[in-house]
Amino acid sequence: MKKIMSFLEKYFVPVAAKFGSERHLVAIRDGFAMIMPLILAGAFAVLINNLPIQVYQNFMVEIFGKSWTSFGGNLWNGTFAVMSIILVVSISYNLALSYNSNGIGAGLVSFASLLMLYTPSAKDWAIPYTFLGAQGLFVSIIVALISTELFVRLLGNPKLIIKMPEGVPPAVAKSFAALLPSLIVLSLWALFKSITVALGLSDIHQAIFNAIQAPLTGLADTLGSAIVVAFLIHFLWFFGLHGTNILGPVLNAVYLPAINDNIAALKAGKAIPHIVTMPFFDAFVHLGGAGTTIGLIIAIYIASRKKKKRSELQNIANLAIAPGIFNINEPMIFGMPLVLNPVFFIPFILTPIVLTIISYFAIALGIVPRTIAMMPWTTPPIIGGFLVTGSIRGALLALLNLIISIIIYLPFVLVAEKIEQKSDANADDDRILAKEKVK
C-alpha cells in the first residue's frame, strides 16, 4: 500500500494538480459557477410550474387561473433557456481576468461573436431558443475561449491601440483602446460564418451538436460512464484535488443538457429521456458532499454511542455534522482527514460507486421517477431526492442510499477507532517509560 501511495503521489498528483489548475479549465469552471444562481432560479421556476402533484396544480389554477404558470415560464426564459449566451460572457470574463486583461471587453466581444453564429429562423429572422440554452453549450465554450485568447493578445499589441488625448475620460479611452482588437476578432468570426455558409454548413450549432454533444450526451446516460464519473471524482478528492471542479467542464457540458432535456420533456408532456443528470449525482450520490460523508458522520456516531470517552473521530464528527447537513464536507475531507487516509480509501471510493449503481437501476426499472429539476447543492439529503423527482419515492431512494453508505462506512470506522486506541495506548506507554527514566 505504501508503494502504491508513493507512486501515485509522485506521478499522479502533480499531473492531476496541473490539469485542475489549467487556465482554460478554471475559466470554464468559474464561468459555470457565476451563472449557477440564474440556472437554479429558472429550474426552480419550472419545478413550481410542473410539480406533479395534482392537488397542488388544481389549487394553483383555482387561486390564480389557468395562466398562473406564466410567471415561472418567463423566469425560465430569462435564465435557463438562454444559458449559452450568458455562459459565453462569464467564461470569457474569467479567462481574460486570468491574464489581467479587460474582462468586460472580452465578454462583450465573445457575446457578439456568438450571436453571429446563430442561424435565425427564415420566417422572422429571430434567433431560435433551441440553441440559446444548454444545447448550445459546446459552441459557447469554444467561442468564449477562442475569442478571448485573440482579444487578449491583440489588446496587448501597442500598434493596435488608439491613443486618446489627455483629458478624455478613462472609460472612453479604454473603449477606444479595445476598438481595433474587437473589430479584428469580430471580423474573423464574420468571415468564418460566411465560409461555413458558402460550404453549405449554414447552422453551425446544429452541426456541432449532432457531431459532438449528442453522442456524448447519449454516452453519458449509461451506467458504465456514470460509474467512471463517480470513481474519478472521488479518486481525485482522495489526493486533496477537487474532483468535482476538475471534471466540472466535462460534467457541466454533458449533464446540464441532459437535465435540460428532461425539463423540456416535462413541459411538453413527453416521456423523460435521461437517467443520469447533474441532479442524479447531487440528490442520490453526493449525500453530505463528495464521498457521501454524511453517512460517515452517522457511522461514527453509531460506533461511538456506548463509549464514555469521546474519540477523536467523534470530535471531528461533532464539528462536521452541521455543515454536513448542507453538503459542506471540508471539515471531513481535510479535518479528519479523508485525504490520503488509507483506512478510508476503500469506502470513500466504493460508496459513491455503489450508490450510483443502485440509483441507476432504481430509476431504469421505474421504481423511482427520473430527475426533472435542478436543486441548490446545499439542499439537505433526502429532501433533495424529493425535489429533483417531485416524488416521495425519490426521497426514499436517497434515504436508502444514506443507510447503505452508513453500512459501508461502519466497519472502517471501527477499524479506525481501534487504530486510534492502539495509538493512544502506545502513547501512554511512552509517557510511562519517559517518567520512569526521569526517576
# chains A, B, ... in the order shown; residues from 1 in each chain; ligands from 1
call {"tool": "select_by_dssp", "arguments": {"residues": "region 106-140 of chain A", "states": "alpha helix (DSSP H)", "output": "VMD selection string"}}
result
chain A and resid 106 to 117 137 to 140
call {"tool": "closest_atom_pairs", "arguments": {"of": "region 229-330 of chain A", "to": "region 348-369 of chain A", "cutoff": "6 Å", "atoms": "only C-alpha atoms", "output": "CSV"}}
result
residue,atom,partner,partner_atom,distance
A:Ala230,CA,A:Ile353,CA,5.8
A:His234,CA,A:Ile349,CA,5.7
A:Val285,CA,A:Pro352,CA,5.6
A:Gly291,CA,A:Phe348,CA,5.2
call {"tool": "closest_residue", "arguments": {"among": "A:His205, A:Ala317, A:Asp282, A:Pro347", "to": "Pro128 (chain A)", "atoms": "only C-alpha atoms"}}
result
A:His205
call {"tool": "residues_around", "arguments": {"residues": "region 263-268 of chain A", "least_positions_apart": "5", "cutoff": "12 Å", "atoms": "only C-alpha atoms", "output": "count of residues only"}}
result
39
call {"tool": "closest_residue", "arguments": {"among": "A:Ile300, A:Ile233, A:Ile28, A:Ala178", "to": "Asn315 (chain A)", "atoms": "only C-alpha atoms"}}
result
A:Ile300
call {"tool": "residues_around", "arguments": {"residues": "region 97-109 of chain A", "least_positions_apart": "6", "cutoff": "7 Å", "atoms": "only C-alpha atoms", "output": "PDB file with C-alpha atoms, in the first residue's frame"}}
result
ATOM      1  CA  VAL A  89     -19.764  36.126 -21.268  1.00  0.00           C
ATOM      2  CA  SER A  90     -18.904  34.591 -17.880  1.00  0.00           C
ATOM      3  CA  THR A 148     -10.818  35.794 -25.505  1.00  0.00           C
ATOM      4  CA  PHE A 151      -8.782  39.612 -27.920  1.00  0.00           C
ATOM      5  CA  VAL A 152      -6.261  39.494 -25.065  1.00  0.00           C
ATOM      6  CA  SER A 182     -12.593  43.948 -31.039  1.00  0.00           C
TER       7      SER A 182
END
call {"tool": "closest_residue", "arguments": {"among": "A:Ile406, A:Phe284, A:Glu312, A:Trp68", "to": "Arg393 (chain A)", "atoms": "only C-alpha atoms"}}
result
A:Phe284
call {"tool": "closest_residue", "arguments": {"among": "A:Ala322, A:Ala303, A:Met36, A:Val143", "to": "Trp189 (chain A)", "atoms": "only C-alpha atoms"}}
result
A:Val143
call {"tool": "atom_distance", "arguments": {"atom1": "CA of His24 (chain A)", "atom2": "CA of Ile91 (chain A)"}}
result
8.7 Å
call {"tool": "residues_around", "arguments": {"residues": "Leu414 (chain A)", "least_positions_apart": "4", "cutoff": "10 Å", "atoms": "only C-alpha atoms", "output": "NGL selection string"}}
result
:A and (299-300 or 302-304 or 409-410 or 418-420)
call {"tool": "closest_residue", "arguments": {"among": "A:Ile259, A:Val343, A:Ile325, A:Ala290", "to": "Thr244 (chain A)", "atoms": "only C-alpha atoms"}}
result
A:Ala290
call {"tool": "closest_residue", "arguments": {"among": "A:Leu236, A:Leu115, A:Leu186, A:Leu25", "to": "Ile204 (chain A)", "atoms": "only C-alpha atoms"}}
result
A:Leu115
call {"tool": "atom_distance", "arguments": {"atom1": "CA of Glu330 (chain A)", "atom2": "CA of Thr292 (chain A)"}}
result
12.2 Å
call {"tool": "atom_distance", "arguments": {"atom1": "CA of Asn210 (chain A)", "atom2": "CA of Val250 (chain A)"}}
result
17.1 Å
call {"tool": "residues_around", "arguments": {"residues": "region 395-403 of chain A", "least_positions_apart": "2", "cutoff": "7 Å", "atoms": "only C-alpha atoms", "output": "PDB file with N, CA, C and O atoms, in the first residue's frame"}}
result
ATOM      1  N   ALA A 283     -28.442  14.460  -5.783  1.00  0.00           N
ATOM      2  CA  ALA A 283     -29.512  14.027  -4.875  1.00  0.00           C
ATOM      3  C   ALA A 283     -29.336  12.607  -4.354  1.00  0.00           C
ATOM      4  O   ALA A 283     -29.787  12.291  -3.250  1.00  0.00           O
ATOM      5  N   PHE A 284     -28.685  11.732  -5.133  1.00  0.00           N
ATOM      6  CA  PHE A 284     -28.642  10.316  -4.768  1.00  0.00           C
ATOM      7  C   PHE A 284     -27.238   9.779  -4.483  1.00  0.00           C
ATOM      8  O   PHE A 284     -27.108   8.715  -3.894  1.00  0.00           O
ATOM      9  N   GLY A 295     -23.009   9.962   5.630  1.00  0.00           N
ATOM     10  CA  GLY A 295     -23.083   8.576   6.071  1.00  0.00           C
ATOM     11  C   GLY A 295     -21.924   8.228   6.985  1.00  0.00           C
ATOM     12  O   GLY A 295     -22.080   7.487   7.960  1.00  0.00           O
ATOM     13  N   LEU A 355     -23.698   3.525  -4.716  1.00  0.00           N
ATOM     14  CA  LEU A 355     -24.922   4.331  -4.752  1.00  0.00           C
ATOM     15  C   LEU A 355     -25.303   4.694  -6.185  1.00  0.00           C
ATOM     16  O   LEU A 355     -26.489   4.787  -6.511  1.00  0.00           O
ATOM     17  N   PRO A 381     -29.720  16.207   2.303  1.00  0.00           N
ATOM     18  CA  PRO A 381     -30.036  14.891   1.755  1.00  0.00           C
ATOM     19  C   PRO A 381     -31.481  14.489   2.057  1.00  0.00           C
ATOM     20  O   PRO A 381     -32.073  14.934   3.043  1.00  0.00           O
ATOM     21  N   ILE A 382     -32.033  13.652   1.238  1.00  0.00           N
ATOM     22  CA  ILE A 382     -33.404  13.138   1.283  1.00  0.00           C
ATOM     23  C   ILE A 382     -34.377  14.181   0.734  1.00  0.00           C
ATOM     24  O   ILE A 382     -35.173  13.879  -0.159  1.00  0.00           O
ATOM     25  N   ILE A 383     -34.296  15.425   1.252  1.00  0.00           N
ATOM     26  CA  ILE A 383     -35.130  16.494   0.699  1.00  0.00           C
ATOM     27  C   ILE A 383     -34.798  16.685  -0.779  1.00  0.00           C
ATOM     28  O   ILE A 383     -35.681  16.869  -1.617  1.00  0.00           O
ATOM     29  N   GLY A 385     -33.752  14.458  -2.868  1.00  0.00           N
ATOM     30  CA  GLY A 385     -34.330  13.370  -3.652  1.00  0.00           C
ATOM     31  C   GLY A 385     -35.764  13.638  -4.042  1.00  0.00           C
ATOM     32  O   GLY A 385     -36.200  13.269  -5.141  1.00  0.00           O
ATOM     33  N   PHE A 386     -36.496  14.292  -3.160  1.00  0.00           N
ATOM     34  CA  PHE A 386     -37.892  14.649  -3.472  1.00  0.00           C
ATOM     35  C   PHE A 386     -37.949  15.796  -4.468  1.00  0.00           C
ATOM     36  O   PHE A 386     -38.735  15.764  -5.428  1.00  0.00           O
ATOM     37  N   ILE A 392     -42.136  11.253  -3.633  1.00  0.00           N
ATOM     38  CA  ILE A 392     -41.669  10.740  -2.349  1.00  0.00           C
ATOM     39  C   ILE A 392     -40.739   9.559  -2.557  1.00  0.00           C
ATOM     40  O   ILE A 392     -39.873   9.275  -1.728  1.00  0.00           O
ATOM     41  N   ARG A 393     -40.890   8.875  -3.700  1.00  0.00           N
ATOM     42  CA  ARG A 393     -40.011   7.745  -3.984  1.00  0.00           C
ATOM     43  C   ARG A 393     -38.566   8.201  -4.183  1.00  0.00           C
ATOM     44  O   ARG A 393     -37.626   7.464  -3.886  1.00  0.00           O
ATOM     45  N   SER A 405     -24.783   3.791   2.755  1.00  0.00           N
ATOM     46  CA  SER A 405     -23.486   4.442   2.981  1.00  0.00           C
ATOM     47  C   SER A 405     -23.021   4.253   4.419  1.00  0.00           C
ATOM     48  O   SER A 405     -21.826   4.052   4.672  1.00  0.00           O
ATOM     49  N   ILE A 406     -23.947   4.307   5.352  1.00  0.00           N
ATOM     50  CA  ILE A 406     -23.604   4.086   6.767  1.00  0.00           C
ATOM     51  C   ILE A 406     -23.077   2.669   6.967  1.00  0.00           C
ATOM     52  O   ILE A 406     -22.076   2.444   7.660  1.00  0.00           O
ATOM     53  N   ILE A 407     -23.752   1.697   6.342  1.00  0.00           N
ATOM     54  CA  ILE A 407     -23.357   0.298   6.467  1.00  0.00           C
ATOM     55  C   ILE A 407     -21.962   0.071   5.891  1.00  0.00           C
ATOM     56  O   ILE A 407     -21.149  -0.678   6.454  1.00  0.00           O
TER      57      ILE A 407
END
call {"tool": "decode", "arguments": {"residues": "region 82-93 of chain A", "atoms": "all heavy atoms", "output": "tab-separated table (two decimals), in the first residue's frame"}}
result
chain	number	residue	atom	x	y	z
A	82	VAL	N	-31.59	30.67	-21.80
A	82	VAL	CA	-30.56	31.44	-22.51
A	82	VAL	C	-29.19	31.22	-21.86
A	82	VAL	O	-28.32	32.09	-21.89
A	82	VAL	CB	-30.91	32.95	-22.53
A	82	VAL	CG1	-32.13	33.20	-23.40
A	82	VAL	CG2	-31.14	33.49	-21.11
A	83	MET	N	-29.00	30.05	-21.31
A	83	MET	CA	-27.78	29.76	-20.57
A	83	MET	C	-26.53	29.92	-21.42
A	83	MET	O	-25.49	30.38	-20.95
A	83	MET	CB	-27.84	28.33	-20.01
A	83	MET	CG	-26.59	27.89	-19.30
A	83	MET	SD	-26.81	26.40	-18.33
A	83	MET	CE	-27.75	25.38	-19.44
A	84	SER	N	-26.58	29.54	-22.70
A	84	SER	CA	-25.39	29.58	-23.54
A	84	SER	C	-24.87	31.00	-23.77
A	84	SER	O	-23.67	31.24	-23.74
A	84	SER	CB	-25.69	28.93	-24.89
A	84	SER	OG	-25.81	27.53	-24.75
A	85	ILE	N	-25.77	31.95	-23.99
A	85	ILE	CA	-25.31	33.32	-24.25
A	85	ILE	C	-24.89	34.02	-22.96
A	85	ILE	O	-24.14	34.99	-23.00
A	85	ILE	CB	-26.37	34.15	-25.01
A	85	ILE	CG1	-27.66	34.27	-24.20
A	85	ILE	CG2	-26.66	33.55	-26.36
A	85	ILE	CD1	-28.68	35.20	-24.86
A	86	ILE	N	-25.37	33.54	-21.84
A	86	ILE	CA	-24.88	34.06	-20.56
A	86	ILE	C	-23.51	33.47	-20.25
A	86	ILE	O	-22.59	34.15	-19.82
A	86	ILE	CB	-25.87	33.73	-19.42
A	86	ILE	CG1	-27.23	34.37	-19.68
A	86	ILE	CG2	-25.32	34.19	-18.07
A	86	ILE	CD1	-28.30	33.93	-18.69
A	87	LEU	N	-23.38	32.17	-20.53
A	87	LEU	CA	-22.14	31.48	-20.22
A	87	LEU	C	-20.97	32.00	-21.04
A	87	LEU	O	-19.84	32.07	-20.53
A	87	LEU	CB	-22.32	29.97	-20.46
A	87	LEU	CG	-21.11	29.09	-20.13
A	87	LEU	CD1	-20.88	29.10	-18.62
A	87	LEU	CD2	-21.32	27.67	-20.63
A	88	VAL	N	-21.20	32.35	-22.29
A	88	VAL	CA	-20.09	32.81	-23.13
A	88	VAL	C	-19.47	34.07	-22.54
A	88	VAL	O	-18.25	34.28	-22.61
A	88	VAL	CB	-20.57	33.06	-24.58
A	88	VAL	CG1	-21.39	34.33	-24.70
A	88	VAL	CG2	-19.38	33.12	-25.54
A	89	VAL	N	-20.28	34.91	-21.90
A	89	VAL	CA	-19.76	36.13	-21.27
A	89	VAL	C	-18.99	35.79	-19.99
A	89	VAL	O	-17.89	36.30	-19.76
A	89	VAL	CB	-20.92	37.10	-20.95
A	89	VAL	CG1	-20.39	38.33	-20.22
A	89	VAL	CG2	-21.64	37.51	-22.22
A	90	SER	N	-19.54	34.90	-19.16
A	90	SER	CA	-18.90	34.59	-17.88
A	90	SER	C	-17.58	33.86	-18.07
A	90	SER	O	-16.60	34.13	-17.36
A	90	SER	CB	-19.85	33.77	-16.99
A	90	SER	OG	-20.18	32.53	-17.60
A	91	ILE	N	-17.51	32.93	-19.02
A	91	ILE	CA	-16.24	32.22	-19.27
A	91	ILE	C	-15.20	33.19	-19.82
A	91	ILE	O	-14.05	33.22	-19.37
A	91	ILE	CB	-16.46	31.06	-20.27
A	91	ILE	CG1	-17.29	29.95	-19.62
A	91	ILE	CG2	-15.11	30.50	-20.72
A	91	ILE	CD1	-17.58	28.80	-20.55
A	92	SER	N	-15.60	34.00	-20.79
A	92	SER	CA	-14.67	34.96	-21.39
A	92	SER	C	-14.16	35.95	-20.34
A	92	SER	O	-12.97	36.28	-20.31
A	92	SER	CB	-15.38	35.70	-22.52
A	92	SER	OG	-14.50	36.60	-23.16
A	93	TYR	N	-15.05	36.41	-19.50
A	93	TYR	CA	-14.67	37.36	-18.44
A	93	TYR	C	-13.62	36.75	-17.52
A	93	TYR	O	-12.59	37.39	-17.22
A	93	TYR	CB	-15.92	37.73	-17.64
A	93	TYR	CG	-15.67	38.59	-16.43
A	93	TYR	CD1	-15.53	39.97	-16.55
A	93	TYR	CD2	-15.58	38.02	-15.16
A	93	TYR	CE1	-15.29	40.76	-15.43
A	93	TYR	CE2	-15.35	38.80	-14.04
A	93	TYR	CZ	-15.20	40.18	-14.18
A	93	TYR	OH	-14.97	40.95	-13.09
